[in-house]
>>> print(open('entry29.txt').read())   # compact mmCIF, C-alpha atoms and all ligand atoms
# COMPACT_ATOMS: atom_id res chain seq x y z
CA MET A 1 115.62 111.23 147.31
CA ALA A 2 114.55 113.67 144.56
CA THR A 3 112.90 112.04 141.56
CA THR A 4 113.48 113.22 137.97
CA PRO A 5 110.34 114.90 136.61
CA ARG A 6 108.55 112.97 133.87
CA ARG A 7 109.34 114.38 130.43
CA ARG A 8 106.22 115.61 128.62
CA TYR A 9 105.86 115.14 124.88
CA LEU A 10 103.35 116.31 122.31
CA VAL A 11 102.88 113.80 119.49
CA THR A 12 100.81 115.00 116.52
CA GLY A 13 99.53 112.08 114.45
CA GLY A 14 100.17 109.89 117.49
CA ALA A 15 97.23 107.57 116.73
CA GLY A 16 98.77 106.73 113.38
CA PHE A 17 101.11 103.93 112.43
CA ILE A 18 104.52 105.43 113.35
CA GLY A 19 103.09 107.78 115.99
CA SER A 20 101.53 105.00 118.06
CA HIS A 21 104.81 103.07 118.19
CA LEU A 22 106.62 106.28 119.10
CA CYS A 23 104.17 106.82 121.99
CA GLU A 24 105.00 103.36 123.32
CA ALA A 25 108.72 104.15 123.14
CA LEU A 26 108.26 107.49 124.93
CA LEU A 27 106.06 106.05 127.66
CA SER A 28 108.22 103.01 128.28
CA SER A 29 111.21 105.30 128.83
CA GLY A 30 109.32 107.14 131.58
CA GLY A 31 107.83 110.04 129.62
CA SER A 32 104.23 111.18 129.17
CA ALA A 33 102.56 111.86 125.84
CA THR A 34 99.73 114.09 124.68
CA VAL A 35 98.50 112.77 121.35
CA VAL A 36 96.72 115.09 118.94
CA ASP A 37 95.12 113.24 116.06
CA ASP A 38 92.00 113.85 113.96
CA LEU A 39 91.76 110.11 113.16
CA SER A 40 91.61 110.80 109.42
CA THR A 41 93.91 107.84 108.73
CA GLY A 42 94.86 106.85 112.30
CA ARG A 43 92.82 104.95 114.85
CA GLU A 44 92.43 105.40 118.57
CA SER A 45 92.78 101.63 118.99
CA ASN A 46 96.40 101.99 117.82
CA LEU A 47 97.03 103.45 121.28
CA ASP A 48 95.64 100.41 123.14
CA ALA A 49 99.07 98.90 123.81
CA ALA A 50 100.48 102.19 125.16
CA ARG A 51 97.35 102.74 127.25
CA SER A 52 97.29 99.28 128.76
CA ALA A 53 100.93 99.58 129.88
CA HIS A 54 101.06 103.27 130.92
CA GLY A 55 97.49 104.58 130.65
CA ASP A 56 97.87 107.41 133.16
CA CYS A 57 100.74 108.91 131.13
CA LEU A 58 98.82 109.16 127.86
CA THR A 59 96.33 111.89 126.94
CA PHE A 60 94.42 111.67 123.69
CA VAL A 61 92.94 114.75 122.01
CA GLN A 62 90.84 114.06 118.92
CA ALA A 63 91.24 117.23 116.85
CA THR A 64 93.16 118.70 113.97
CA VAL A 65 96.56 120.04 114.91
CA THR A 66 95.56 123.69 114.49
CA ASP A 67 92.40 123.31 116.58
CA ALA A 68 94.22 121.47 119.36
CA LEU A 69 97.13 123.92 119.54
CA ALA A 70 94.72 126.78 120.20
CA GLY A 71 93.86 125.11 123.51
CA LEU A 72 97.37 124.10 124.59
CA PRO A 73 99.57 126.40 126.71
CA ALA A 74 102.86 127.53 125.12
CA GLY A 75 105.81 125.83 126.77
CA GLY A 76 103.70 122.95 128.04
CA PHE A 77 106.01 120.29 126.62
CA ASP A 78 109.64 119.24 126.77
CA GLY A 79 109.56 118.00 123.18
CA ILE A 80 107.26 117.85 120.15
CA PHE A 81 107.09 115.13 117.51
CA HIS A 82 105.14 116.37 114.51
CA LEU A 83 103.95 113.34 112.55
CA ALA A 84 100.43 114.39 111.51
CA ALA A 85 100.19 114.54 107.73
CA ALA A 86 98.18 113.40 104.75
CA VAL A 87 99.99 110.15 103.97
CA GLY A 88 99.83 107.46 101.30
CA VAL A 89 100.19 107.53 97.51
CA ARG A 90 96.51 106.73 96.96
CA LEU A 91 95.28 109.51 99.23
CA VAL A 92 97.71 112.04 97.73
CA VAL A 93 96.87 111.22 94.12
CA GLU A 94 93.13 111.33 94.86
CA ASP A 95 93.22 114.65 96.75
CA PRO A 96 96.48 116.54 96.19
CA ALA A 97 95.02 119.78 97.57
CA ARG A 98 94.32 118.11 100.90
CA ALA A 99 97.84 116.67 101.03
CA ALA A 100 99.48 120.04 100.37
CA GLU A 101 97.19 121.98 102.73
CA THR A 102 97.42 119.54 105.63
CA ASN A 103 101.14 119.15 105.35
CA ILE A 104 101.99 122.83 104.98
CA PHE A 105 99.43 124.62 107.20
CA GLU A 106 99.52 122.16 110.10
CA THR A 107 103.32 122.13 110.08
CA SER A 108 103.45 125.91 110.04
CA ALA A 109 101.09 125.99 113.07
CA VAL A 110 103.22 123.48 115.01
CA LEU A 111 106.45 125.35 114.28
CA SER A 112 104.99 128.71 115.35
CA TYR A 113 103.67 127.12 118.55
CA ALA A 114 107.05 125.48 119.27
CA ALA A 115 109.00 128.64 118.46
CA ARG A 116 107.18 130.64 121.17
CA SER A 117 108.82 128.49 123.85
CA ARG A 118 111.76 127.12 121.83
CA THR A 119 110.50 123.61 122.45
CA PRO A 120 112.69 121.02 120.67
CA THR A 121 110.68 119.69 117.70
CA LEU A 122 111.13 116.76 115.36
CA LEU A 123 109.51 117.03 111.95
CA ALA A 124 108.52 113.85 110.11
CA SER A 125 109.60 114.31 106.51
CA SER A 126 109.87 111.74 103.77
CA SER A 127 112.14 110.18 101.18
CA GLU A 128 109.61 111.64 98.73
CA VAL A 129 111.47 114.97 99.07
CA TYR A 130 114.19 113.44 96.89
CA GLY A 131 111.58 113.49 94.12
CA LYS A 132 112.99 111.82 91.04
CA GLY A 133 116.23 111.12 92.92
CA ILE A 134 119.07 111.67 90.50
CA ARG A 135 121.51 109.25 92.19
CA ALA A 136 121.30 106.47 94.76
CA PRO A 137 121.83 106.11 97.63
CA PHE A 138 120.16 109.40 98.56
CA ARG A 139 122.21 111.73 100.75
CA GLU A 140 120.78 114.51 102.86
CA GLU A 141 122.61 117.23 100.89
CA ASP A 142 121.48 115.99 97.46
CA ASP A 143 119.52 118.30 95.16
CA LEU A 144 115.77 117.72 95.21
CA VAL A 145 114.33 117.21 91.72
CA PHE A 146 110.57 117.10 91.27
CA GLY A 147 108.27 116.62 88.34
CA PRO A 148 105.92 119.43 87.26
CA PRO A 149 103.18 120.61 89.65
CA THR A 150 100.59 119.55 87.06
CA VAL A 151 101.37 115.96 88.13
CA SER A 152 99.54 115.47 91.42
CA ARG A 153 101.91 112.77 92.63
CA TRP A 154 104.55 115.41 93.51
CA SER A 155 102.22 117.31 95.83
CA TYR A 156 103.26 115.24 98.84
CA GLY A 157 107.03 115.49 98.30
CA LEU A 158 106.86 119.20 97.48
CA SER A 159 104.80 119.91 100.60
CA LYS A 160 107.24 117.97 102.78
CA ALA A 161 110.15 119.90 101.22
CA ILE A 162 108.40 123.16 102.13
CA ASP A 163 107.91 121.80 105.68
CA GLU A 164 111.63 121.18 105.93
CA GLN A 165 112.44 124.70 104.73
CA LEU A 166 109.98 126.14 107.26
CA ALA A 167 111.49 124.11 110.10
CA LEU A 168 115.04 125.12 109.26
CA ALA A 169 113.97 128.75 108.81
CA HIS A 170 112.49 128.73 112.34
CA ALA A 171 115.73 127.21 113.59
CA GLN A 172 117.64 130.10 112.05
CA ARG A 173 115.30 132.94 112.96
CA ASP A 174 113.90 131.82 116.33
CA ALA A 175 116.71 129.55 117.57
CA LEU A 176 114.16 126.72 117.51
CA PRO A 177 115.86 123.35 118.08
CA VAL A 178 114.50 121.28 115.18
CA VAL A 179 115.38 117.90 113.75
CA VAL A 180 114.16 116.82 110.31
CA ALA A 181 113.71 113.05 109.95
CA ARG A 182 113.28 111.83 106.35
CA PHE A 183 111.58 108.46 106.67
CA PHE A 184 112.11 105.85 103.97
CA ASN A 185 109.68 102.91 103.65
CA THR A 186 108.78 102.30 107.29
CA VAL A 187 106.89 99.05 107.84
CA GLY A 188 105.39 96.98 110.64
CA PRO A 189 102.28 96.21 112.63
CA ARG A 190 99.40 98.76 112.44
CA GLN A 191 100.30 100.04 108.97
CA ARG A 192 97.19 100.12 106.81
CA GLY A 193 96.98 98.85 103.23
CA ARG A 194 94.11 100.94 102.00
CA TYR A 195 96.17 104.08 101.24
CA GLY A 196 98.53 102.18 98.94
CA MET A 197 101.15 100.84 101.40
CA VAL A 198 102.69 97.76 99.86
CA LEU A 199 103.49 95.40 102.74
CA PRO A 200 100.09 95.27 104.49
CA ARG A 201 98.48 94.77 101.07
CA PHE A 202 100.80 91.86 100.27
CA VAL A 203 100.38 90.18 103.68
CA THR A 204 96.59 90.51 103.63
CA ALA A 205 96.41 89.03 100.13
CA ALA A 206 98.87 86.22 100.96
CA LEU A 207 96.87 85.15 104.02
CA ALA A 208 93.62 85.24 102.04
CA GLY A 209 95.14 83.17 99.20
CA GLU A 210 94.51 86.06 96.79
CA PRO A 211 96.93 87.42 94.14
CA LEU A 212 99.63 89.82 95.39
CA GLU A 213 99.20 92.94 93.25
CA ILE A 214 102.57 94.29 92.12
CA HIS A 215 102.29 97.81 90.74
CA GLY A 216 104.69 98.20 87.82
CA ASN A 217 107.30 95.62 86.83
CA GLY A 218 108.29 94.70 90.40
CA ARG A 219 111.93 95.58 89.87
CA GLN A 220 111.70 98.84 91.86
CA VAL A 221 114.30 98.83 94.64
CA ARG A 222 113.38 99.92 98.17
CA CYS A 223 114.84 99.75 101.68
CA PHE A 224 112.35 98.76 104.36
CA CYS A 225 112.86 99.53 108.04
CA ASP A 226 110.79 98.23 110.93
CA VAL A 227 108.72 100.88 112.69
CA ARG A 228 110.03 99.79 116.10
CA ASP A 229 113.60 100.57 115.04
CA VAL A 230 112.43 103.93 113.69
CA ALA A 231 110.38 104.76 116.81
CA ALA A 232 113.32 104.01 119.10
CA ALA A 233 115.58 106.37 117.11
CA LEU A 234 113.32 109.45 117.16
CA PRO A 235 113.64 110.41 120.88
CA ARG A 236 117.39 109.96 120.57
CA LEU A 237 117.57 112.35 117.62
CA LEU A 238 115.45 114.95 119.39
CA GLY A 239 117.26 114.51 122.71
CA ASP A 240 120.71 115.14 121.27
CA ALA A 241 121.49 118.86 120.86
CA ALA A 242 124.15 117.96 118.28
CA CYS A 243 121.31 116.75 115.99
CA HIS A 244 119.38 120.04 116.15
CA GLY A 245 119.22 122.07 112.95
CA ARG A 246 120.03 119.00 110.89
CA VAL A 247 118.32 116.65 108.43
CA PHE A 248 118.58 112.85 108.77
CA ASN A 249 117.64 109.96 106.52
CA VAL A 250 115.89 107.34 108.66
CA GLY A 251 115.59 103.97 106.97
CA GLY A 252 116.92 100.50 106.37
CA ASP A 253 120.13 99.72 104.52
CA ARG A 254 119.17 96.47 102.76
CA PRO A 255 117.81 97.11 99.27
CA VAL A 256 115.14 94.70 98.01
CA THR A 257 113.01 94.70 94.89
CA ILE A 258 109.23 94.71 95.23
CA GLU A 259 109.28 91.29 93.53
CA ASP A 260 111.67 90.00 96.23
CA LEU A 261 109.42 91.53 98.89
CA ALA A 262 106.46 89.62 97.48
CA GLY A 263 108.59 86.43 97.50
CA ALA A 264 109.52 87.01 101.15
CA VAL A 265 105.86 87.48 102.08
CA LEU A 266 104.91 84.19 100.36
CA ARG A 267 107.79 82.35 102.06
CA VAL A 268 107.17 83.71 105.58
CA THR A 269 103.39 83.24 105.45
CA GLY A 270 103.57 79.87 103.63
CA SER A 271 101.14 81.24 101.04
CA ARG A 272 100.81 79.99 97.45
CA SER A 273 99.14 83.14 96.18
CA PRO A 274 100.09 84.12 92.61
CA LEU A 275 101.80 87.43 91.74
CA ASN A 276 99.80 89.79 89.57
CA ARG A 277 101.61 92.69 87.84
CA ILE A 278 99.49 95.76 87.13
CA PRO A 279 100.77 98.84 85.25
CA HIS A 280 101.01 101.98 87.39
CA SER A 281 98.83 103.83 84.90
CA GLN A 282 96.00 101.42 85.70
CA VAL A 283 96.29 102.01 89.44
CA PHE A 284 97.17 105.69 89.78
CA GLY A 285 96.41 107.17 86.34
CA GLU A 286 98.45 107.87 83.21
CA SER A 287 100.72 110.55 84.65
CA PHE A 288 102.00 108.52 87.60
CA GLU A 289 105.78 108.17 87.76
CA ASP A 290 107.41 105.65 90.05
CA LEU A 291 111.02 105.69 91.14
CA ALA A 292 113.24 102.80 90.11
CA ILE A 293 115.50 103.09 93.17
CA ARG A 294 114.78 104.62 96.57
CA VAL A 295 117.66 103.81 98.88
CA PRO A 296 118.97 105.98 101.73
CA ASP A 297 122.52 106.66 102.75
CA ILE A 298 122.21 106.31 106.53
CA SER A 299 125.79 107.10 107.47
CA ARG A 300 124.78 110.44 109.02
CA ILE A 301 122.27 108.99 111.49
CA ARG A 302 124.63 106.09 112.23
CA ALA A 303 127.39 108.53 113.15
CA ALA A 304 125.06 110.78 115.16
CA ILE A 305 123.19 108.26 117.34
CA GLY A 306 124.62 104.86 116.41
CA PHE A 307 121.42 103.99 114.49
CA ASP A 308 121.56 100.29 113.68
CA PRO A 309 118.20 98.82 112.65
CA SER A 310 118.05 95.28 114.02
CA ILE A 311 114.61 93.90 113.14
CA THR A 312 114.75 91.73 110.03
CA LEU A 313 112.26 92.00 107.19
CA ASP A 314 111.18 88.39 107.84
CA ARG A 315 110.33 89.21 111.45
CA THR A 316 108.40 92.31 110.37
CA ILE A 317 106.40 90.24 107.88
CA ALA A 318 105.72 87.55 110.52
CA ASP A 319 104.53 90.17 113.01
CA ILE A 320 102.24 91.82 110.45
CA ALA A 321 100.85 88.39 109.54
CA ALA A 322 100.22 87.60 113.22
CA GLU A 323 98.42 90.91 113.65
CA CYS A 324 96.39 90.34 110.49
CA ALA A 325 95.31 86.90 111.71
CA ARG A 326 94.37 88.30 115.14
CA ARG A 327 92.77 91.61 114.09
CA PRO A 328 92.32 91.76 110.28
CA GLU A 329 90.74 95.22 110.54
CA ALA A 330 93.98 96.61 112.07
CA ILE A 331 95.85 96.69 108.77
CA ALA A 332 92.93 97.08 106.34
N1 LIG B 1 105.16 105.20 106.86
C1 LIG B 1 106.13 105.60 106.07
O1 LIG B 1 106.80 104.78 105.43
C2 LIG B 1 106.48 107.07 105.96
C3 LIG B 1 107.44 107.42 105.00
C4 LIG B 1 107.78 108.74 104.88
C5 LIG B 1 107.23 109.70 105.71
N2 LIG B 1 106.28 109.34 106.64
C6 LIG B 1 105.75 110.40 107.50
O2 LIG B 1 105.62 109.92 108.83
C7 LIG B 1 104.50 110.52 109.45
C8 LIG B 1 103.60 109.43 110.03
O3 LIG B 1 103.14 108.60 108.95
P1 LIG B 1 102.42 107.20 109.17
O4 LIG B 1 102.98 106.26 108.20
O5 LIG B 1 102.41 106.87 110.61
O6 LIG B 1 100.96 107.55 108.63
P2 LIG B 1 99.55 107.58 109.40
O7 LIG B 1 98.54 108.00 108.38
O8 LIG B 1 99.32 106.31 110.11
O9 LIG B 1 99.79 108.74 110.47
C9 LIG B 1 99.43 110.08 110.26
C10 LIG B 1 98.50 110.47 111.40
O10 LIG B 1 98.20 111.86 111.33
C11 LIG B 1 96.81 112.03 111.56
N3 LIG B 1 96.43 113.30 110.93
C12 LIG B 1 96.38 113.59 109.61
N4 LIG B 1 96.03 114.87 109.42
C13 LIG B 1 95.87 115.42 110.65
C14 LIG B 1 95.53 116.71 111.11
N5 LIG B 1 95.30 117.72 110.25
N6 LIG B 1 95.44 116.92 112.45
C15 LIG B 1 95.67 115.89 113.32
N7 LIG B 1 96.00 114.65 112.94
C16 LIG B 1 96.11 114.42 111.62
C17 LIG B 1 96.15 110.81 110.98
O11 LIG B 1 94.87 110.52 111.51
C18 LIG B 1 97.16 109.72 111.34
O12 LIG B 1 96.88 109.15 112.60
C19 LIG B 1 103.82 111.38 108.40
O13 LIG B 1 104.25 112.72 108.56
C20 LIG B 1 104.35 110.83 107.09
O14 LIG B 1 104.37 111.81 106.07
C21 LIG B 1 105.89 108.05 106.77
>>> encode(input="entry29.txt", output="structure tokens")
Amino acid sequence: MATTPRRRYLVTGGAGFIGSHLCEALLSSGGSATVVDDLSTGRESNLDAARSAHGDCLTFVQATVTDALAGLPAGGFDGIFHLAAAVGVRLVVEDPARAAETNIFETSAVLSYAARSRTPTLLASSSEVYGKGIRAPFREEDDLVFGPPTVSRWSYGLSKAIDEQLALAHAQRDALPVVVARFFNTVGPRQRGRYGMVLPRFVTAALAGEPLEIHGNGRQVRCFCDVRDVAAALPRLLGDAACHGRVFNVGGDRPVTIEDLAGAVLRVTGSRSPLNRIPHSQVFGESFEDLAIRVPDISRIRAAIGFDPSITLDRTIADIAAECARRPEAIA
């Protein structure tokens, strides 16, 4: 009996938080993955779980995207997931040039590579493209409204918006099948706190009995979505030709305030840590602007692939806490 050939995927940023969970999803559905990652914010140990289950189907290349692509044959993959990027508010505010350059030049290189063989490609974008977000929930066709380029905080969102334009331009000019996935706050095991991500910071502090640092007044509204729900959705988006050439919000649909998130962390971990509110200006400088509400409309992705995130925030927090207790360095 003939066997179906294994599907081969390229995952840039595959040793990162979302990328490593995506690799597990791809491998457990019978595919193989070549991961390209320069380990600037990712870690090779993030791939341990994928390796121990399906080691022979995973290849790891430690390099920047541009360097690695120079050595890869065109048409060598059935699909590309481009997740490599400079990520995290702290990193972006500290080095906006790096954020813009990494996000624009590496994406341009991936799209040119993919276009040569018309390899279906998913681009990881961000809710940050909504910028100041005039109305909530955010819909894919909304106008994008940014602050001035003199405020470094917008460098990330602007660069991701350019990535999206580039991807859709390649779709139009080169008939490249592309999907743009705008991630909203994705959370779960392996996310690191040091670049400003809120949940690993809260869980680490709660377990250590230290104050949970809330940046701003704590009334900012966000929708969190577990990384395992997100990772499971990405191959389905890329694998469905009806999704090509389109933009999708990918996120949770249960708004919570940062204050409520802190409360949930204390409840789930049984911690009695105090909450400590710190003005944004003290953390990220005077010009930092935070968004009051960042909530996605996910009706498009629901209609397209039946996206229905099922992992509760409490379970995500419990899993992060278990990981932190087992391997504290994993989320530092
Ligand atoms: N986590 C979220 O909530 C979120 C929200 C919106 C968008 N995103 C997007 O999702 C993608 C993955 O983010 P993540 O949260 O997993 O962050 P991450 O930092 O864990 O992953 C990014 C990975 O890319 C790698 N990388 C960075 N620059 C590279 C380069 N030039 N060449 C090769 N590798 C490089 C890093 O080492 C890291 O492993 C990113 O594109 C990010 O912008 C994430």
>>> residues_near_ligand(input="entry29.txt", ligand="ligand LIG 1 (chain B)", cutoff="7 Å", atoms="all atoms listed in the file", output="PDB file with C-alpha atoms, in the frame of the given file")
ATOM      1  CA  THR A  12     100.810 115.000 116.520  1.00  0.00           C
ATOM      2  CA  GLY A  13      99.530 112.080 114.450  1.00  0.00           C
ATOM      3  CA  GLY A  14     100.170 109.890 117.490  1.00  0.00           C
ATOM      4  CA  ALA A  15      97.230 107.570 116.730  1.00  0.00           C
ATOM      5  CA  GLY A  16      98.770 106.730 113.380  1.00  0.00           C
ATOM      6  CA  PHE A  17     101.110 103.930 112.430  1.00  0.00           C
ATOM      7  CA  ILE A  18     104.520 105.430 113.350  1.00  0.00           C
ATOM      8  CA  GLY A  19     103.090 107.780 115.990  1.00  0.00           C
ATOM      9  CA  VAL A  36      96.720 115.090 118.940  1.00  0.00           C
ATOM     10  CA  ASP A  37      95.120 113.240 116.060  1.00  0.00           C
ATOM     11  CA  ASP A  38      92.000 113.850 113.960  1.00  0.00           C
ATOM     12  CA  LEU A  39      91.760 110.110 113.160  1.00  0.00           C
ATOM     13  CA  SER A  40      91.610 110.800 109.420  1.00  0.00           C
ATOM     14  CA  THR A  41      93.910 107.840 108.730  1.00  0.00           C
ATOM     15  CA  GLY A  42      94.860 106.850 112.300  1.00  0.00           C
ATOM     16  CA  ARG A  43      92.820 104.950 114.850  1.00  0.00           C
ATOM     17  CA  ALA A  63      91.240 117.230 116.850  1.00  0.00           C
ATOM     18  CA  THR A  64      93.160 118.700 113.970  1.00  0.00           C
ATOM     19  CA  VAL A  65      96.560 120.040 114.910  1.00  0.00           C
ATOM     20  CA  LEU A  83     103.950 113.340 112.550  1.00  0.00           C
ATOM     21  CA  ALA A  84     100.430 114.390 111.510  1.00  0.00           C
ATOM     22  CA  ALA A  85     100.190 114.540 107.730  1.00  0.00           C
ATOM     23  CA  ALA A  86      98.180 113.400 104.750  1.00  0.00           C
ATOM     24  CA  VAL A  87      99.990 110.150 103.970  1.00  0.00           C
ATOM     25  CA  THR A 102      97.420 119.540 105.630  1.00  0.00           C
ATOM     26  CA  GLU A 106      99.520 122.160 110.100  1.00  0.00           C
ATOM     27  CA  ALA A 124     108.520 113.850 110.110  1.00  0.00           C
ATOM     28  CA  SER A 125     109.600 114.310 106.510  1.00  0.00           C
ATOM     29  CA  SER A 126     109.870 111.740 103.770  1.00  0.00           C
ATOM     30  CA  SER A 127     112.140 110.180 101.180  1.00  0.00           C
ATOM     31  CA  ARG A 182     113.280 111.830 106.350  1.00  0.00           C
ATOM     32  CA  PHE A 183     111.580 108.460 106.670  1.00  0.00           C
ATOM     33  CA  PHE A 184     112.110 105.850 103.970  1.00  0.00           C
ATOM     34  CA  ASN A 185     109.680 102.910 103.650  1.00  0.00           C
ATOM     35  CA  THR A 186     108.780 102.300 107.290  1.00  0.00           C
ATOM     36  CA  VAL A 187     106.890  99.050 107.840  1.00  0.00           C
ATOM     37  CA  GLN A 191     100.300 100.040 108.970  1.00  0.00           C
TER      38      GLN A 191
END
>>> residues_around(input="entry29.txt", residues="region 206-210 of chain A", least_positions_apart="5", cutoff="7 Å", atoms="all atoms listed in the file", output="list in words")
Leu266, Thr269, Ser271, Arg272 and Ser273 of chain A
>>> residues_around(input="entry29.txt", residues="region 54-57 of chain A", least_positions_apart="2", cutoff="12 Å", atoms="only C-alpha atoms", output="PyMOL selection string")
chain A and resi 6-10+23-35+47-52+59-60
>>> residues_around(input="entry29.txt", residues="region 134-148 of chain A", least_positions_apart="6", cutoff="9 Å", atoms="all atoms listed in the file", output="list in words")
Ser127, Trp154, Gly157, Leu158, Ala161, Arg182, Val247, Phe248, Asn249, Glu289, Ile293, Arg294, Val295, Pro296, Asp297, Ile298, Ser299 and Arg300 of chain A
>>> residues_around(input="entry29.txt", residues="Ser117 (chain A)", least_positions_apart="5", cutoff="9 Å", atoms="only C-alpha atoms", output="VMD selection string")
chain A and resid 74 to 76 176
>>> closest_residue(input="entry29.txt", among="A:Asn217, A:Asp308, A:Thr257, A:Asp229", to="Arg277 (chain A)", atoms="only C-alpha atoms")
A:Asn217
>>> atom_distance(input="entry29.txt", atom1="CA of Ala330 (chain A)", atom2="CA of Pro189 (chain A)")
8.3 Å
>>> atom_distance(input="entry29.txt", atom1="CA of Glu94 (chain A)", atom2="CA of Gly193 (chain A)")
15.5 Å
>>> closest_residue(input="entry29.txt", among="A:Ala53, A:Lys160, A:Cys243, A:Leu212", to="Ala99 (chain A)", atoms="all atoms listed in the file")
A:Lys160
>>> axis_aligned_box(input="entry29.txt", around="region 18-23 of chain A", padding_each_side="4 Å", output="JSON")
{"center_x": 104.1, "center_y": 105.4, "center_z": 117.7, "size_x": 13.1, "size_y": 12.7, "size_z": 16.6}
>>> atom_distance(input="entry29.txt", atom1="CA of Ala332 (chain A)", atom2="CA of Gly252 (chain A)")
24.2 Å
>>> residues_around(input="entry29.txt", residues="Asp240 (chain A)", least_positions_apart="3", cutoff="10 Å", atoms="all atoms listed in the file", output="list in words")
Pro120, Val179, Pro235, Arg236, Leu237, Cys243, His244, Ala304 and Ile305 of chain A
>>> write_last_selection(input="entry29.txt", atoms="C-alpha atoms", output="PDB file, in the coordinates of the input")
ATOM      1  CA  PRO A 120     112.690 121.020 120.670  1.00  0.00           C
ATOM      2  CA  VAL A 179     115.380 117.900 113.750  1.00  0.00           C
ATOM      3  CA  PRO A 235     113.640 110.410 120.880  1.00  0.00           C
ATOM      4  CA  ARG A 236     117.390 109.960 120.570  1.00  0.00           C
ATOM      5  CA  LEU A 237     117.570 112.350 117.620  1.00  0.00           C
ATOM      6  CA  CYS A 243     121.310 116.750 115.990  1.00  0.00           C
ATOM      7  CA  HIS A 244     119.380 120.040 116.150  1.00  0.00           C
ATOM      8  CA  ALA A 304     125.060 110.780 115.160  1.00  0.00           C
ATOM      9  CA  ILE A 305     123.190 108.260 117.340  1.00  0.00           C
TER      10      ILE A 305
END
>>> closest_residue(input="entry29.txt", among="A:Ala175, A:Val203, A:Ile311, A:Leu238", to="Arg267 (chain A)", atoms="only C-alpha atoms")
A:Val203
>>> closest_residue(input="entry29.txt", among="A:Val227, A:Ala233, A:Leu72, A:Leu123", to="Ala181 (chain A)", atoms="only C-alpha atoms")
A:Leu123
>>> closest_residue(input="entry29.txt", among="A:Arg98, A:Arg90, A:Arg190, A:Arg246", to="Thr121 (chain A)", atoms="all atoms listed in the file")
A:Arg246
>>> decode(input="entry29.txt", residues="region 237-250 of chain A", atoms="C-alpha atoms", output="compact mmCIF listing (two decimals), in the first residue's frame")
# COMPACT_ATOMS: atom_id res chain seq x y z
CA LEU A 237 -5.08 28.15 8.27
CA LEU A 238 -2.14 27.44 5.99
CA GLY A 239 -3.59 24.15 4.74
CA ASP A 240 -6.88 25.68 3.61
CA ALA A 241 -6.64 27.36 0.20
CA ALA A 242 -9.74 29.42 1.05
CA CYS A 243 -7.64 31.18 3.75
CA HIS A 244 -4.86 32.21 1.33
CA GLY A 245 -4.54 35.92 0.62
CA ARG A 246 -6.40 36.75 3.81
CA VAL A 247 -5.71 38.26 7.24
CA PHE A 248 -6.96 36.60 10.45
CA ASN A 249 -7.13 37.70 14.06
CA VAL A 250 -5.93 34.80 16.22
